[in-house]
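Notes follow once the structure below has been shown.
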Amino acid sequence: MKNKSKMRGLFFASLGAMSWGISGVCSQFLFMNYDVDSSWLTAIRMVLSGILLLILSAFKDKDKVIKIWTIPSDVGWLFAFSILGLLMCQYTFVSAIKYSDSATATVLQSLNVVIMIVFMSIVTRTKMKFSQVLAVF
């Protein structure tokens with residue numbers, strides 16, 4: 001059972017990475033061949049993926065999809081994460097594609113983890129562990 005779960009996780013992680021790459025290339029195609037605005041594209045991507053995820057979640061457990069709207073603090077955190085986390089991440093990625101290309105945007109997006117670990121090390125005035133330094137390089 002545990003091995004099956006790991007394989008399923010590996011499959012979905014790989015599918016997510018491939019989908020991220022494909023979406024970057026498709027976005028670049030739209031920017032190069034059509035007069036598409038990055039704000040519009042981000043909004044369409046977010047709305048359509050949100051609808052798809054809600055539909056898939058409703059099939060699995062409809063009660064959990066509805067339950068989050070009953071707890072005001074959860075709704076607040078959901079909106080904060082949606083705007084500050086997902087929307088900003090998506091918008092900056094799509095904008096980077098528009099003004100450069102999908103490969104550059106992907107590299108910049110991937111570097112955010114490195115930037116965050118270095119930033120947190122400086123802010124908290126703690127020395128990075130060897131494993132963290134190794135991961136940065």
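Ordered as shown in the structure tokens, chains take letters A, B, and onward, while each chain numbers its residues from 1 and ligands are numbered from 1 in the order shown.
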
Tell me which protein, DNA and RNA residues are within 12 Å of Leu78 in chain A, counting only C-alpha atoms, leaving out same-chain ones fewer than 6 positions away, and put them as an MDAnalysis selection string. chainID A and resid 68:69 71:72 84:87

Contacts of range 29-40 of chain A at 6 Å (only C-alpha atoms; same-chain gap of 3+ positions) as a list in words: Cys26, Ala43, Val94, Ser95 and Lys98 of chain A

Limited to N, CA and C atoms, could you put the picked residues into a file as a tab-separated table (two decimals), in the first residue's frame?
```tsv
chain	number	residue	atom	x	y	z
A	26	CYS	N	2.97	27.31	-23.70
A	26	CYS	CA	1.71	27.77	-24.29
A	26	CYS	C	1.52	29.28	-24.07
A	43	ALA	N	-5.77	35.63	-15.04
A	43	ALA	CA	-7.15	35.49	-14.54
A	43	ALA	C	-7.83	34.26	-15.12
A	94	VAL	N	3.73	34.59	-15.38
A	94	VAL	CA	3.20	34.89	-16.71
A	94	VAL	C	3.81	36.19	-17.25
A	95	SER	N	3.97	37.18	-16.39
A	95	SER	CA	4.59	38.44	-16.83
A	95	SER	C	6.04	38.23	-17.22
A	98	LYS	N	6.05	36.89	-20.63
A	98	LYS	CA	5.71	37.91	-21.62
A	98	LYS	C	6.92	38.78	-21.96
```

Name all residues at most 12 Å from Val114 in chain A (count only C-alpha atoms; drop same-chain ones fewer than 2 positions away) and give them as a list in words. Val107, Leu108, Gln109, Ser110, Leu111, Asn112, Met116, Ile117, Val118, Phe119, Met120, Ser121, Met128, Gln132, Val133, Leu134, Ala135, Val136 and Phe137 of chain A

Keeping only C-alpha atoms, write the selected residues as a PDB file, in the first residue's frame.
```pdb
ATOM      1  CA  VAL A 107      14.524  29.501 -13.886  1.00  0.00           C
ATOM      2  CA  LEU A 108      13.575  32.718 -12.065  1.00  0.00           C
ATOM      3  CA  GLN A 109      10.538  31.038 -10.511  1.00  0.00           C
ATOM      4  CA  SER A 110      12.680  28.133  -9.327  1.00  0.00           C
ATOM      5  CA  LEU A 111      15.228  30.484  -7.778  1.00  0.00           C
ATOM      6  CA  ASN A 112      12.630  31.830  -5.334  1.00  0.00           C
ATOM      7  CA  MET A 116      13.938  32.666   0.451  1.00  0.00           C
ATOM      8  CA  ILE A 117      16.386  30.415   2.280  1.00  0.00           C
ATOM      9  CA  VAL A 118      19.177  32.998   2.020  1.00  0.00           C
ATOM     10  CA  PHE A 119      16.792  35.797   3.023  1.00  0.00           C
ATOM     11  CA  MET A 120      15.512  33.887   6.064  1.00  0.00           C
ATOM     12  CA  SER A 121      19.058  33.054   7.112  1.00  0.00           C
ATOM     13  CA  MET A 128      22.553  27.795   7.155  1.00  0.00           C
ATOM     14  CA  GLN A 132      20.779  23.854   3.041  1.00  0.00           C
ATOM     15  CA  VAL A 133      23.994  25.216   1.545  1.00  0.00           C
ATOM     16  CA  LEU A 134      24.306  22.050  -0.516  1.00  0.00           C
ATOM     17  CA  ALA A 135      20.702  22.401  -1.711  1.00  0.00           C
ATOM     18  CA  VAL A 136      21.333  26.051  -2.726  1.00  0.00           C
ATOM     19  CA  PHE A 137      24.310  25.002  -4.870  1.00  0.00           C
TER      20      PHE A 137
END
```

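CA of Ile83 in chain A sits 21.4 Å away from CA of Lys64 in chain A.
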
When you draw a straight line from CA of Asp101 in chain A to CA of Gln28 in chain A, how long is it in Å? 6.3 Å

List every residue of range 47-96 of chain A that DSSP, applied to the backbone of this structure, places in alpha helix (DSSP H), and write the result as a ChimeraX atom specification. /A:47-67,72-80,88-96

Preceding selection exported with C-alpha atoms as a CSV table (one decimal), in the first residue's frame:
```csv
chain,number,residue,atom,x,y,z
A,47,VAL,CA,-10.5,30.8,-12.8
A,48,LEU,CA,-10.5,27.7,-15.0
A,49,SER,CA,-8.1,25.8,-12.7
A,50,GLY,CA,-10.2,26.9,-9.6
A,51,ILE,CA,-13.4,25.6,-11.2
A,52,LEU,CA,-11.7,22.3,-12.2
A,53,LEU,CA,-10.3,21.8,-8.7
A,54,LEU,CA,-13.6,22.5,-7.1
A,55,ILE,CA,-15.4,20.1,-9.4
A,56,LEU,CA,-12.8,17.3,-8.7
A,57,SER,CA,-13.0,18.0,-5.0
A,58,ALA,CA,-16.8,17.9,-5.0
A,59,PHE,CA,-16.7,14.4,-6.5
A,60,LYS,CA,-14.3,13.3,-3.8
A,61,ASP,CA,-15.9,15.0,-0.7
A,62,LYS,CA,-18.5,17.6,-1.2
A,63,ASP,CA,-18.9,18.4,2.5
A,64,LYS,CA,-15.3,19.5,2.8
A,65,VAL,CA,-15.6,21.9,-0.2
A,66,ILE,CA,-18.6,23.6,1.5
A,67,LYS,CA,-17.2,23.4,5.1
A,72,PRO,CA,-14.6,32.9,8.9
A,73,SER,CA,-11.0,32.6,9.9
A,74,ASP,CA,-10.5,29.8,7.3
A,75,VAL,CA,-12.1,32.0,4.6
A,76,GLY,CA,-9.7,34.8,5.5
A,77,TRP,CA,-6.7,32.6,5.3
A,78,LEU,CA,-8.0,31.2,2.0
A,79,PHE,CA,-8.3,34.6,0.4
A,80,ALA,CA,-4.9,35.8,1.8
A,88,MET,CA,1.1,36.9,-7.3
A,89,CYS,CA,3.1,33.7,-8.1
A,90,GLN,CA,1.1,33.1,-11.3
A,91,TYR,CA,1.0,36.8,-12.4
A,92,THR,CA,4.8,37.3,-12.0
A,93,PHE,CA,5.5,34.0,-13.8
A,94,VAL,CA,3.2,34.9,-16.7
A,95,SER,CA,4.6,38.4,-16.8
A,96,ALA,CA,8.1,37.1,-16.8
```

One decimal place gives the CA of Phe81 in chain A-CA of Gly9 in chain A separation as 23.4 Å
